[in-house]
$ cat my_file-v3.txt   # compact mmCIF, C-alpha atoms
# COMPACT_ATOMS: atom_id res chain seq x y z
CA MET A 94 0.00 0.00 0.00
CA ASN A 95 1.04 3.60 -0.53
CA VAL A 96 1.04 5.70 2.59
CA SER A 97 2.18 9.25 3.27
CA ILE A 98 4.32 9.39 6.40
CA ASN A 99 5.28 12.86 7.63
CA GLY A 100 4.64 14.17 4.14
CA GLU A 101 6.80 11.57 2.38
CA ALA A 102 5.18 8.98 0.11
CA GLU A 103 6.13 5.45 1.09
CA GLU A 104 5.25 2.08 -0.32
CA ILE A 105 4.72 -0.50 2.37
CA THR A 106 4.45 -4.18 1.55
CA ALA A 107 1.81 -5.39 3.96
CA GLU A 108 -1.70 -6.71 3.61
CA GLN A 109 -2.75 -5.32 6.95
CA LEU A 110 -1.10 -2.61 8.96
CA SER A 111 -2.04 -1.02 12.25
CA VAL A 112 -0.76 2.24 13.70
CA GLY A 113 1.12 0.13 16.25
CA ASP A 114 2.73 -1.90 13.44
CA LEU A 115 3.79 1.25 11.64
CA LEU A 116 5.40 2.70 14.78
CA LYS A 117 7.48 -0.50 15.03
CA LEU A 118 8.19 -0.61 11.29
CA LYS A 119 9.46 2.97 11.31
CA ASP A 120 11.60 2.32 14.40
CA VAL A 121 9.97 5.05 16.44
CA GLU A 122 12.20 4.90 19.51
CA SER A 123 9.81 6.16 22.14
CA PRO A 124 6.19 5.81 21.03
CA ASP A 125 5.24 7.54 24.30
CA MET A 126 6.79 10.72 22.89
CA VAL A 127 4.71 10.68 19.71
CA SER A 128 1.17 11.67 18.95
CA VAL A 129 -0.17 10.00 15.81
CA GLN A 130 -2.43 11.86 13.39
CA LEU A 131 -4.18 9.68 10.81
CA ASN A 132 -5.93 11.58 8.00
CA GLY A 133 -6.30 14.61 10.24
CA ALA A 134 -7.65 12.84 13.33
CA ILE A 135 -5.57 12.13 16.42
CA VAL A 136 -5.48 8.40 17.16
CA ASP A 137 -6.24 7.46 20.73
CA ARG A 138 -3.08 6.07 22.32
CA ASP A 139 -4.91 2.95 23.52
CA SER A 140 -6.15 2.18 20.01
CA TYR A 141 -2.85 2.04 18.12
CA ASP A 142 -2.99 -1.73 17.62
CA LYS A 143 -6.60 -1.83 16.51
CA THR A 144 -6.48 1.19 14.21
CA ALA A 145 -5.89 0.04 10.63
CA ILE A 146 -3.88 1.99 8.11
CA ASN A 147 -5.18 1.79 4.56
CA ASP A 148 -3.91 2.59 1.11
CA LYS A 149 -3.49 6.34 0.52
CA ASP A 150 -3.71 7.21 4.22
CA GLU A 151 -1.79 10.20 5.54
CA VAL A 152 0.06 9.58 8.78
CA GLU A 153 1.90 12.16 10.86
CA PHE A 154 4.13 11.33 13.80
CA LEU A 155 3.99 14.48 15.93
CA TYR A 156 6.72 14.54 18.54
CA PHE A 157 6.37 15.93 22.04
CA MET A 158 9.02 18.58 22.46
CA GLY A 159 9.89 20.34 25.69
CA GLY A 160 12.71 22.82 25.82
CA GLY A 161 12.91 26.34 27.07
CA ALA A 162 13.19 27.03 30.75
CA GLY A 163 13.27 24.43 33.47
CA LYS A 164 10.69 24.04 36.18
CA CYS A 165 8.31 26.89 35.50
CA MET B 78 -4.74 58.36 19.06
CA MET B 79 -1.61 58.14 21.08
CA ASP B 80 0.88 60.99 20.81
CA PHE B 81 4.27 59.62 19.96
CA THR B 82 7.30 61.48 21.26
CA GLU B 83 10.13 62.29 18.86
CA GLU B 84 12.16 59.59 20.54
CA GLN B 85 9.42 56.99 20.06
CA LEU B 86 9.02 57.91 16.40
CA GLU B 87 12.70 57.34 15.92
CA ARG B 88 12.92 54.23 18.09
CA TYR B 89 10.07 52.51 16.26
CA SER B 90 10.69 54.04 12.83
CA ARG B 91 11.47 50.69 11.16
CA HIS B 92 8.15 49.34 12.40
CA ILE B 93 6.24 52.45 11.44
CA LEU B 94 7.68 52.26 7.93
CA LEU B 95 6.07 48.86 7.45
CA GLU B 96 2.74 49.17 5.70
CA GLU B 97 1.35 46.35 7.87
CA VAL B 98 2.42 48.01 11.13
CA GLY B 99 2.51 51.79 10.80
CA VAL B 100 1.61 54.14 13.62
CA GLU B 101 -1.55 52.18 14.39
CA GLY B 102 0.28 48.89 14.74
CA GLN B 103 2.90 50.47 16.95
CA GLU B 104 0.17 51.91 19.15
CA LYS B 105 -1.28 48.43 19.51
CA LEU B 106 2.11 47.11 20.56
CA LEU B 107 2.58 49.88 23.13
CA SER B 108 -0.85 49.13 24.59
CA ALA B 109 -0.38 45.35 24.58
CA LYS B 110 0.31 43.07 27.52
CA VAL B 111 2.23 39.87 26.93
CA LEU B 112 3.18 37.24 29.51
CA ILE B 113 6.30 35.17 28.97
CA VAL B 114 6.37 31.91 30.91
CA GLY B 115 9.93 30.79 31.40
CA ALA B 116 12.97 33.07 31.30
CA GLY B 117 15.11 30.37 29.73
CA GLY B 118 16.23 29.46 26.25
CA LEU B 119 12.99 30.51 24.59
CA GLY B 120 11.99 33.27 26.99
CA ALA B 121 15.37 34.97 26.48
CA PRO B 122 14.99 35.95 22.81
CA VAL B 123 11.26 36.46 23.27
CA SER B 124 11.81 38.97 26.08
CA LEU B 125 14.54 40.84 24.18
CA TYR B 126 12.53 41.13 20.96
CA LEU B 127 9.24 42.02 22.62
CA ALA B 128 11.00 44.70 24.68
CA ALA B 129 12.73 46.08 21.61
CA ALA B 130 9.42 46.04 19.70
CA GLY B 131 7.79 48.19 22.37
CA VAL B 132 5.26 45.77 23.79
CA GLY B 133 4.08 48.08 26.55
CA THR B 134 3.60 45.62 29.38
CA ILE B 135 5.63 42.44 29.61
CA GLY B 136 5.17 39.93 32.41
CA ILE B 137 7.75 37.23 33.00
CA VAL B 138 7.40 34.12 35.15
CA ASP B 139 10.25 31.93 36.38
CA ASN B 140 11.28 30.63 39.77
CA ASP B 141 14.89 29.83 38.94
CA VAL B 142 18.15 31.67 39.35
CA VAL B 143 20.71 31.96 36.56
CA ASP B 144 23.11 29.03 36.38
CA LEU B 145 26.41 28.89 34.50
CA SER B 146 25.04 26.12 32.24
CA ASN B 147 22.21 28.44 31.11
CA LEU B 148 24.54 30.93 29.44
CA GLN B 149 25.19 28.74 26.38
CA ARG B 150 21.73 29.70 25.06
CA GLN B 151 19.78 31.97 27.44
CA VAL B 152 21.06 35.17 25.90
CA VAL B 153 19.13 37.52 28.17
CA HIS B 154 21.32 36.46 31.11
CA PHE B 155 24.96 37.49 31.41
CA HIS B 156 27.91 36.01 33.28
CA LYS B 157 27.50 38.61 36.00
CA ASP B 158 23.92 37.38 36.61
CA ILE B 159 24.85 33.91 37.89
CA ASN B 160 22.75 33.20 41.00
CA VAL B 161 20.47 36.19 40.25
CA ALA B 162 16.74 35.46 39.86
CA LYS B 163 16.09 34.94 36.14
CA VAL B 164 13.08 37.23 36.16
CA GLU B 165 15.16 40.07 37.63
CA SER B 166 17.99 39.50 35.19
CA ALA B 167 15.55 39.50 32.25
CA LYS B 168 13.78 42.61 33.56
CA GLU B 169 17.07 44.49 33.81
CA LYS B 170 17.96 43.71 30.16
CA MET B 171 14.48 44.51 28.84
CA LEU B 172 14.47 47.91 30.55
CA ALA B 173 18.04 48.56 29.42
CA ILE B 174 16.89 48.09 25.81
CA ASN B 175 13.67 50.02 26.25
CA PRO B 176 12.97 52.11 29.35
CA ASP B 177 9.44 52.85 28.09
CA LEU B 178 8.12 49.49 29.20
CA VAL B 179 6.38 48.16 32.27
CA VAL B 180 7.93 44.82 33.23
CA LYS B 181 6.18 42.69 35.82
CA THR B 182 8.09 39.83 37.39
CA TYR B 183 6.67 36.68 38.92
CA LYS B 184 9.35 34.69 40.72
CA LYS B 185 7.26 31.61 41.24
CA TYR B 186 6.10 28.39 39.64
CA LEU B 187 2.84 28.49 37.80
CA CYS B 188 0.41 26.00 39.21
CA ALA B 189 -3.28 25.25 39.17
CA ASP B 190 -3.90 27.61 42.09
CA ASN B 191 -2.25 30.72 40.68
CA ILE B 192 -2.13 30.52 36.89
CA ARG B 193 -5.55 31.90 35.99
CA GLU B 194 -5.13 34.87 38.28
CA ILE B 195 -1.77 35.69 36.67
CA ILE B 196 -2.63 35.20 32.99
CA LYS B 197 -6.02 36.89 32.98
CA ASP B 198 -4.49 40.37 32.77
CA TYR B 199 -2.61 39.57 29.55
CA ASP B 200 -3.52 39.68 25.85
CA PHE B 201 -1.16 36.92 24.80
CA VAL B 202 0.99 34.29 26.51
CA VAL B 203 4.29 32.93 25.24
CA GLU B 204 4.95 29.49 26.65
CA GLY B 205 8.62 28.58 26.84
CA THR B 206 8.76 25.94 29.56
CA ASP B 207 10.63 22.67 29.41
CA ASN B 208 8.19 20.41 31.20
CA PHE B 209 4.98 18.92 29.95
CA PRO B 210 2.83 19.37 33.05
CA ALA B 211 3.46 23.12 32.74
CA LYS B 212 2.74 23.09 29.00
CA PHE B 213 -0.59 21.35 29.54
CA LEU B 214 -1.45 23.57 32.49
CA ILE B 215 -0.78 26.70 30.41
CA ASN B 216 -2.87 25.30 27.55
CA ASP B 217 -5.78 24.49 29.81
CA ALA B 218 -5.68 27.81 31.66
CA CYS B 219 -5.44 29.79 28.40
CA VAL B 220 -8.35 27.83 26.90
CA MET B 221 -10.42 28.51 30.03
CA GLU B 222 -9.56 32.22 30.07
CA GLY B 223 -9.78 32.56 26.27
CA ILE B 224 -6.23 33.90 25.99
CA PRO B 225 -4.20 33.08 22.88
CA PHE B 226 -0.75 31.64 23.33
CA SER B 227 2.30 30.39 21.51
CA HIS B 228 3.64 26.93 22.33
CA GLY B 229 7.31 26.30 21.77
CA GLY B 230 9.58 23.30 22.20
CA ILE B 231 13.22 22.61 21.39
CA LEU B 232 15.44 19.57 21.70
CA ARG B 233 18.88 18.83 20.31
CA PHE B 234 18.73 20.33 16.77
CA ASP B 235 14.93 20.42 16.50
CA GLY B 236 12.20 22.85 17.32
CA GLN B 237 8.43 23.09 17.11
CA ALA B 238 5.86 25.85 17.52
CA MET B 239 2.13 26.26 17.35
CA THR B 240 -0.21 29.12 18.15
CA VAL B 241 -3.50 28.54 19.89
CA VAL B 242 -6.42 30.94 19.69
CA PRO B 243 -9.00 29.43 22.05
CA GLY B 244 -12.44 28.97 20.53
CA GLU B 245 -11.05 29.34 17.02
CA SER B 246 -8.19 26.93 16.55
CA SER B 247 -7.08 23.56 17.84
CA CYS B 248 -5.37 23.56 21.22
CA TYR B 249 -2.22 21.80 22.41
CA ARG B 250 -4.35 19.09 23.99
CA CYS B 251 -6.24 18.47 20.73
CA THR B 252 -3.01 17.09 19.34
CA PHE B 253 -1.03 15.95 22.36
CA ARG B 254 -3.82 14.91 24.75
CA ASN B 255 -1.88 14.16 27.95
CA PRO B 256 1.64 14.67 29.24
CA PRO B 257 3.90 11.76 28.28
CA PRO B 258 5.07 9.50 31.12
CA PRO B 259 7.83 11.37 33.00
CA ASP B 260 10.39 8.60 32.48
CA ALA B 261 9.96 8.77 28.68
CA VAL B 262 10.81 12.44 28.45
CA PRO B 263 14.23 13.66 27.38
CA THR B 264 14.76 17.26 28.47
CA CYS B 265 17.35 19.74 27.30
CA SER B 266 19.23 19.15 30.52
CA GLN B 267 19.51 15.44 29.70
CA ALA B 268 19.60 15.36 25.92
CA GLY B 269 21.26 18.67 25.13
CA VAL B 270 20.33 21.42 22.71
CA LEU B 271 22.30 23.55 20.29
CA GLY B 272 22.11 27.02 21.80
CA ALA B 273 21.13 28.85 18.62
CA ILE B 274 18.06 26.59 18.25
CA ALA B 275 16.56 28.46 21.20
CA GLY B 276 17.06 31.68 19.26
CA MET B 277 15.44 30.25 16.13
CA LEU B 278 12.37 29.05 17.94
CA GLY B 279 12.13 31.97 20.37
CA THR B 280 12.13 34.50 17.56
CA ILE B 281 9.36 32.53 15.82
CA GLN B 282 7.34 32.76 19.05
CA ALA B 283 8.06 36.47 19.42
CA THR B 284 6.97 37.00 15.81
CA GLU B 285 3.70 35.17 16.46
CA ALA B 286 3.01 37.38 19.49
CA LEU B 287 3.70 40.55 17.48
CA LYS B 288 1.58 39.34 14.53
CA TYR B 289 -1.31 38.57 16.86
CA ILE B 290 -1.15 42.00 18.51
CA ILE B 291 -0.84 43.92 15.26
CA GLY B 292 -3.37 41.67 13.52
CA VAL B 293 -1.25 40.88 10.50
CA GLY B 294 -0.63 37.74 8.49
CA ASP B 295 -1.50 34.14 9.26
CA LEU B 296 -0.73 32.74 12.67
CA LEU B 297 0.52 29.21 13.26
CA THR B 298 -2.99 28.25 14.25
CA ASP B 299 -4.12 24.72 13.41
CA THR B 300 -0.51 24.22 12.40
CA LEU B 301 2.50 22.56 13.95
CA LEU B 302 5.65 24.12 12.55
CA SER B 303 8.65 21.91 13.12
CA PHE B 304 12.20 22.17 11.99
CA ASP B 305 15.30 20.05 11.88
CA ALA B 306 18.19 22.49 11.90
CA LYS B 307 20.75 19.83 10.93
CA LYS B 308 19.15 19.76 7.50
CA MET B 309 17.59 23.22 7.86
CA HIS B 310 14.35 21.53 6.97
CA PHE B 311 11.13 23.29 7.97
CA ARG B 312 7.73 21.66 7.78
CA LYS B 313 4.18 22.66 8.63
CA VAL B 314 1.64 19.99 9.59
CA LYS B 315 -2.02 20.94 9.42
CA LEU B 316 -3.89 20.23 12.63
CA GLN B 317 -7.56 20.44 13.39
CA ARG B 318 -9.79 20.84 16.39
CA GLN B 319 -10.73 17.45 17.75
CA ASP B 320 -14.32 16.98 18.86
CA ASP B 321 -13.13 14.63 21.60
CA CYS B 322 -10.51 17.04 22.98
CA PRO B 323 -10.81 16.87 26.77
CA ILE B 324 -10.64 20.66 27.17
CA CYS B 325 -11.89 22.35 24.01
CA GLY B 326 -13.95 19.53 22.47
CA LYS B 327 -17.69 19.05 22.43
CA ASN B 328 -17.91 17.45 25.87
CA PRO B 329 -14.95 18.68 27.88
CA THR B 330 -13.95 16.43 30.74
CA ILE B 331 -11.46 18.93 32.14
CA THR B 332 -13.51 21.56 33.90
CA GLU B 333 -11.05 22.67 36.52
CA LEU B 334 -7.29 22.90 36.66
CA VAL B 335 -5.27 20.33 38.53
CA ASP B 336 -1.53 19.97 38.81
CA ALA B 337 -0.25 16.95 36.93
CA GLU B 338 1.69 14.15 38.56
CA GLN B 339 5.06 15.92 38.16
CA ALA B 340 3.75 18.52 40.57
CA VAL B 341 5.15 21.72 39.14
CA CYS B 342 4.54 23.58 42.39
CA SER B 343 6.55 21.30 44.59
CA ILE B 344 9.82 20.99 42.71
$ encode --input "my_file-v3.txt" --output "structure tokens"
Amino acid sequence: MNVSINGEAEEITAEQLSVGDLLKLKDVESPDMVSVQLNGAIVDRDSYDKTAINDKDEVEFLYFMGGGAGKC
Amino acid sequence: MMDFTEEQLERYSRHILLEEVGVEGQEKLLSAKVLIVGAGGLGAPVSLYLAAAGVGTIGIVDNDVVDLSNLQRQVVHFHKDINVAKVESAKEKMLAINPDLVVKTYKKYLCADNIREIIKDYDFVVEGTDNFPAKFLINDACVMEGIPFSHGGILRFDGQAMTVVPGESSCYRCTFRNPPPPDAVPTCSQAGVLGAIAGMLGTIQATEALKYIIGVGDLLTDTLLSFDAKKMHFRKVKLQRQDDCPICGKNPTITELVDAEQAVCSI
């Protein structure tokens, strides 16, 4: 299937693919530090394994980023 | 209409020359009140540029004192300021650039009990904190008070920013929902950050604040701007309001502020 990941078109050879599978496939180091947007909707963290990714889907891995001043 | 002094006309002449700013825009800046949360890597350039721009009232919140390890990126603090309260150090520099301003300092941590009282007097909030409980608390308080804010984050060579206008655009929680587990979080103090990245992101946040006040251009609303400075690659991701957002969705479940597990008040 052809999927857009962070704006890049990618061909993935898989019959079935969940959000959880994709996080593993793309070697996302700390899934806890990522929010996943699938076709514009944020995927509930508890539903990663049961949310299917289909041909032509657009997936964004949105990283939590801190920074700035400490302990405010 | 405000009467500008000769000195003000000269000081702000490069703003006034801009068609999009002009005398009216500069008046708006001089009448505006902006709160900067965090006088660190992001708050440093934000405070310098907002002071230089003539934002009339600037509030700054931080409970820390300047540490030697801050000076690699927190350009508002100087070597002589080590062990000085960051808010006092930042105030001194802002007033040194522009004595016209009112600078209000809050040497404290923001927490559920005090945040609404502090932010409600401001037109815009710039969030430059390094911990997620504070980021979520600021989001929730700004949504409740209807105050727009700029979110900023930096790590290593990367940065991200988004602007939230409550009631109009998606909020930080729409996209990020809940703070990540504390043990999963790399902070600048653990993972490092290239100092100039703070300047890149902080000036983006300052620009958003100025744009909002003047009413010019398109804000980073419903947008996550992220960059990877190693490749100098910038990208905007479209975001949207989520009906199931726990604070700004159709049936909000967050109706009062609570401090998250990494109690920001008690550190």
$ residues_near_point --input "my_file-v3.txt" --point "(25.9, 32.0, 43.6)" --cutoff "12 Å" --atoms "all atoms listed in the file" --output "compact mmCIF listing (two decimals) with C-alpha atoms, in the frame of the given file"
# COMPACT_ATOMS: atom_id res chain seq x y z
CA VAL B 142 18.15 31.67 39.35
CA VAL B 143 20.71 31.96 36.56
CA ASP B 144 23.11 29.03 36.38
CA LEU B 145 26.41 28.89 34.50
CA HIS B 156 27.91 36.01 33.28
CA LYS B 157 27.50 38.61 36.00
CA ASP B 158 23.92 37.38 36.61
CA ILE B 159 24.85 33.91 37.89
CA ASN B 160 22.75 33.20 41.00
CA VAL B 161 20.47 36.19 40.25
CA ALA B 162 16.74 35.46 39.86
$ closest_atom_pairs --input "my_file-v3.txt" --of "chain B" --to "chain A" --cutoff "6 Å" --atoms "all atoms listed in the file" --output "Markdown table"
| residue | atom | partner | partner_atom | distance |
| --- | --- | --- | --- | --- |
| B:Gly115 | CA | A:Ala162 | CA | 5.0 |
| B:Gly117 | CA | A:Ala162 | CA | 4.0 |
| B:Gly118 | CA | A:Gly161 | CA | 4.6 |
| B:Leu119 | CA | A:Gly161 | CA | 4.9 |
| B:Asp139 | CA | A:Cys165 | CA | 5.5 |
| B:Tyr186 | CA | A:Cys165 | CA | 4.9 |
| B:Gly205 | CA | A:Gly161 | CA | 4.8 |
| B:Thr206 | CA | A:Ala162 | CA | 4.7 |
| B:Asp207 | CA | A:Gly160 | CA | 4.2 |
| B:Asn208 | CA | A:Gly159 | CA | 5.8 |
| B:Gly230 | CA | A:Gly159 | CA | 4.6 |
| B:Ile231 | CA | A:Gly160 | CA | 4.5 |
| B:Leu232 | CA | A:Gly160 | CA | 5.9 |
| B:Phe253 | CA | A:Ser128 | CA | 5.9 |
| B:Pro257 | CA | A:Asp125 | CA | 6.0 |
| B:Cys265 | CA | A:Gly160 | CA | 5.8 |
$ write_last_selection --input "my_file-v3.txt" --atoms "C-alpha atoms" --output "mmCIF file, keeping the file's coordinate frame"
data_model
loop_
_atom_site.group_PDB
_atom_site.id
_atom_site.type_symbol
_atom_site.label_atom_id
_atom_site.label_comp_id
_atom_site.auth_asym_id
_atom_site.auth_seq_id
_atom_site.Cartn_x
_atom_site.Cartn_y
_atom_site.Cartn_z
ATOM 1 C CA GLY B 115 9.930 30.790 31.400
ATOM 2 C CA GLY B 117 15.110 30.370 29.730
ATOM 3 C CA GLY B 118 16.230 29.460 26.250
ATOM 4 C CA LEU B 119 12.990 30.510 24.590
ATOM 5 C CA ASP B 139 10.250 31.930 36.380
ATOM 6 C CA TYR B 186 6.100 28.390 39.640
ATOM 7 C CA GLY B 205 8.620 28.580 26.840
ATOM 8 C CA THR B 206 8.760 25.940 29.560
ATOM 9 C CA ASP B 207 10.630 22.670 29.410
ATOM 10 C CA ASN B 208 8.190 20.410 31.200
ATOM 11 C CA GLY B 230 9.580 23.300 22.200
ATOM 12 C CA ILE B 231 13.220 22.610 21.390
ATOM 13 C CA LEU B 232 15.440 19.570 21.700
ATOM 14 C CA PHE B 253 -1.030 15.950 22.360
ATOM 15 C CA PRO B 257 3.900 11.760 28.280
ATOM 16 C CA CYS B 265 17.350 19.740 27.300
#
$ closest_residue --input "my_file-v3.txt" --among "B:Asp200, B:Val262, B:Ile93, B:Val270" --to "Glu122 in chain A" --atoms "only C-alpha atoms"
B:Val262
$ closest_residue --input "my_file-v3.txt" --among "A:Val112, A:Val121, A:Ile105, A:Val152" --to "Asp139 in chain A" --atoms "only C-alpha atoms"
A:Val112
$ atom_distance --input "my_file-v3.txt" --atom1 "CA of Arg312 in chain B" --atom2 "CA of Ala145 in chain A"
25.7 Å
$ closest_residue --input "my_file-v3.txt" --among "B:Ser166, B:Ser124, B:Asn140, B:Gln85" --to "Glu104 in chain B" --atoms "all atoms listed in the file"
B:Gln85
$ atom_distance --input "my_file-v3.txt" --atom1 "CA of Glu84 in chain B" --atom2 "CA of Leu106 in chain B"
16.0 Å
$ closest_residue --input "my_file-v3.txt" --among "A:Thr106, A:Leu131, A:Ser111, A:Asp120" --to "Asp150 in chain A" --atoms "all atoms listed in the file"
A:Leu131
$ atom_distance --input "my_file-v3.txt" --atom1 "CA of Ser140 in chain A" --atom2 "CA of Arg254 in chain B"
13.8 Å
$ residues_around --input "my_file-v3.txt" --residues "Asn147 in chain A" --least-positions-apart "6" --cutoff "8 Å" --atoms "all atoms listed in the file" --output "PyMOL selection string"
chain A and resi 94+96+109-110
$ residues_around --input "my_file-v3.txt" --residues "Pro176 in chain B" --least-positions-apart "2" --cutoff "12 Å" --atoms "only C-alpha atoms" --output "VMD selection string"
chain B and resid 84 to 85 88 128 to 134 168 to 174 178 to 180
$ residues_near_point --input "my_file-v3.txt" --point "(20.9, 26.0, 23.9)" --cutoff "12 Å" --atoms "only C-alpha atoms" --output "PyMOL selection string"
(chain A and resi 160-162) or (chain B and resi 117-122+146-152+230-236+264-266+268-279)
$ closest_residue --input "my_file-v3.txt" --among "A:Asn95, A:Glu101, A:Asp114, A:Glu108" --to "Lys143 in chain A" --atoms "all atoms listed in the file"
A:Asp114
$ closest_residue --input "my_file-v3.txt" --among "B:Gln267, B:Asn255, B:Asn191, B:Ser303" --to "His228 in chain B" --atoms "all atoms listed in the file"
B:Ser303
$ build_atoms --input "my_file-v3.txt" --residues "range 152-159 of chain A" --atoms "all heavy atoms" --output "PDB file, in the coordinates of the input"
ATOM      1  N   VAL A 152      -0.305   9.770   7.375  1.00  0.00           N
ATOM      2  CA  VAL A 152       0.060   9.580   8.780  1.00  0.00           C
ATOM      3  C   VAL A 152       1.103  10.624   9.163  1.00  0.00           C
ATOM      4  O   VAL A 152       2.040  10.883   8.414  1.00  0.00           O
ATOM      5  CB  VAL A 152       0.662   8.170   9.003  1.00  0.00           C
ATOM      6  CG1 VAL A 152       0.941   7.931  10.480  1.00  0.00           C
ATOM      7  CG2 VAL A 152      -0.255   7.094   8.455  1.00  0.00           C
ATOM      8  N   GLU A 153       0.905  11.223  10.332  1.00  0.00           N
ATOM      9  CA  GLU A 153       1.900  12.160  10.860  1.00  0.00           C
ATOM     10  C   GLU A 153       2.324  11.677  12.243  1.00  0.00           C
ATOM     11  O   GLU A 153       1.473  11.407  13.092  1.00  0.00           O
ATOM     12  CB  GLU A 153       1.317  13.571  10.995  1.00  0.00           C
ATOM     13  CG  GLU A 153       0.943  14.251   9.698  1.00  0.00           C
ATOM     14  CD  GLU A 153       2.135  14.777   8.907  1.00  0.00           C
ATOM     15  OE1 GLU A 153       3.259  14.796   9.462  1.00  0.00           O
ATOM     16  OE2 GLU A 153       1.930  15.137   7.735  1.00  0.00           O
ATOM     17  N   PHE A 154       3.619  11.563  12.448  1.00  0.00           N
ATOM     18  CA  PHE A 154       4.130  11.330  13.800  1.00  0.00           C
ATOM     19  C   PHE A 154       4.500  12.709  14.360  1.00  0.00           C
ATOM     20  O   PHE A 154       5.424  13.358  13.865  1.00  0.00           O
ATOM     21  CB  PHE A 154       5.374  10.437  13.770  1.00  0.00           C
ATOM     22  CG  PHE A 154       5.119   9.044  13.260  1.00  0.00           C
ATOM     23  CD1 PHE A 154       6.043   8.408  12.448  1.00  0.00           C
ATOM     24  CD2 PHE A 154       3.960   8.364  13.602  1.00  0.00           C
ATOM     25  CE1 PHE A 154       5.817   7.123  11.987  1.00  0.00           C
ATOM     26  CE2 PHE A 154       3.726   7.070  13.145  1.00  0.00           C
ATOM     27  CZ  PHE A 154       4.655   6.444  12.327  1.00  0.00           C
ATOM     28  N   LEU A 155       3.773  13.144  15.367  1.00  0.00           N
ATOM     29  CA  LEU A 155       3.990  14.480  15.930  1.00  0.00           C
ATOM     30  C   LEU A 155       4.691  14.300  17.284  1.00  0.00           C
ATOM     31  O   LEU A 155       4.130  13.706  18.203  1.00  0.00           O
ATOM     32  CB  LEU A 155       2.661  15.205  16.090  1.00  0.00           C
ATOM     33  CG  LEU A 155       1.826  15.285  14.796  1.00  0.00           C
ATOM     34  CD1 LEU A 155       0.411  15.757  15.091  1.00  0.00           C
ATOM     35  CD2 LEU A 155       2.493  16.183  13.775  1.00  0.00           C
ATOM     36  N   TYR A 156       5.905  14.789  17.345  1.00  0.00           N
ATOM     37  CA  TYR A 156       6.720  14.540  18.540  1.00  0.00           C
ATOM     38  C   TYR A 156       6.463  15.555  19.643  1.00  0.00           C
ATOM     39  O   TYR A 156       6.355  16.753  19.392  1.00  0.00           O
ATOM     40  CB  TYR A 156       8.206  14.552  18.165  1.00  0.00           C
ATOM     41  CG  TYR A 156       8.610  13.287  17.439  1.00  0.00           C
ATOM     42  CD1 TYR A 156       8.385  13.154  16.072  1.00  0.00           C
ATOM     43  CD2 TYR A 156       9.165  12.219  18.126  1.00  0.00           C
ATOM     44  CE1 TYR A 156       8.715  11.981  15.405  1.00  0.00           C
ATOM     45  CE2 TYR A 156       9.511  11.044  17.472  1.00  0.00           C
ATOM     46  CZ  TYR A 156       9.274  10.938  16.105  1.00  0.00           C
ATOM     47  OH  TYR A 156       9.600   9.772  15.466  1.00  0.00           O
ATOM     48  N   PHE A 157       6.380  15.051  20.867  1.00  0.00           N
ATOM     49  CA  PHE A 157       6.370  15.930  22.040  1.00  0.00           C
ATOM     50  C   PHE A 157       7.731  16.603  22.129  1.00  0.00           C
ATOM     51  O   PHE A 157       8.758  15.936  22.015  1.00  0.00           O
ATOM     52  CB  PHE A 157       6.199  15.106  23.315  1.00  0.00           C
ATOM     53  CG  PHE A 157       4.785  14.737  23.650  1.00  0.00           C
ATOM     54  CD1 PHE A 157       4.261  13.509  23.256  1.00  0.00           C
ATOM     55  CD2 PHE A 157       3.988  15.591  24.383  1.00  0.00           C
ATOM     56  CE1 PHE A 157       2.965  13.158  23.592  1.00  0.00           C
ATOM     57  CE2 PHE A 157       2.690  15.243  24.732  1.00  0.00           C
ATOM     58  CZ  PHE A 157       2.176  14.016  24.331  1.00  0.00           C
ATOM     59  N   MET A 158       7.742  17.890  22.322  1.00  0.00           N
ATOM     60  CA  MET A 158       9.020  18.580  22.460  1.00  0.00           C
ATOM     61  C   MET A 158       8.955  19.586  23.596  1.00  0.00           C
ATOM     62  O   MET A 158       8.083  20.449  23.622  1.00  0.00           O
ATOM     63  CB  MET A 158       9.358  19.285  21.141  1.00  0.00           C
ATOM     64  CG  MET A 158      10.837  19.317  20.848  1.00  0.00           C
ATOM     65  SD  MET A 158      11.133  19.955  19.212  1.00  0.00           S
ATOM     66  CE  MET A 158      10.827  18.491  18.230  1.00  0.00           C
ATOM     67  N   GLY A 159       9.870  19.439  24.529  1.00  0.00           N
ATOM     68  CA  GLY A 159       9.890  20.340  25.690  1.00  0.00           C
ATOM     69  C   GLY A 159      10.712  21.575  25.401  1.00  0.00           C
ATOM     70  O   GLY A 159      10.403  22.331  24.518  1.00  0.00           O
TER      71      GLY A 159
END
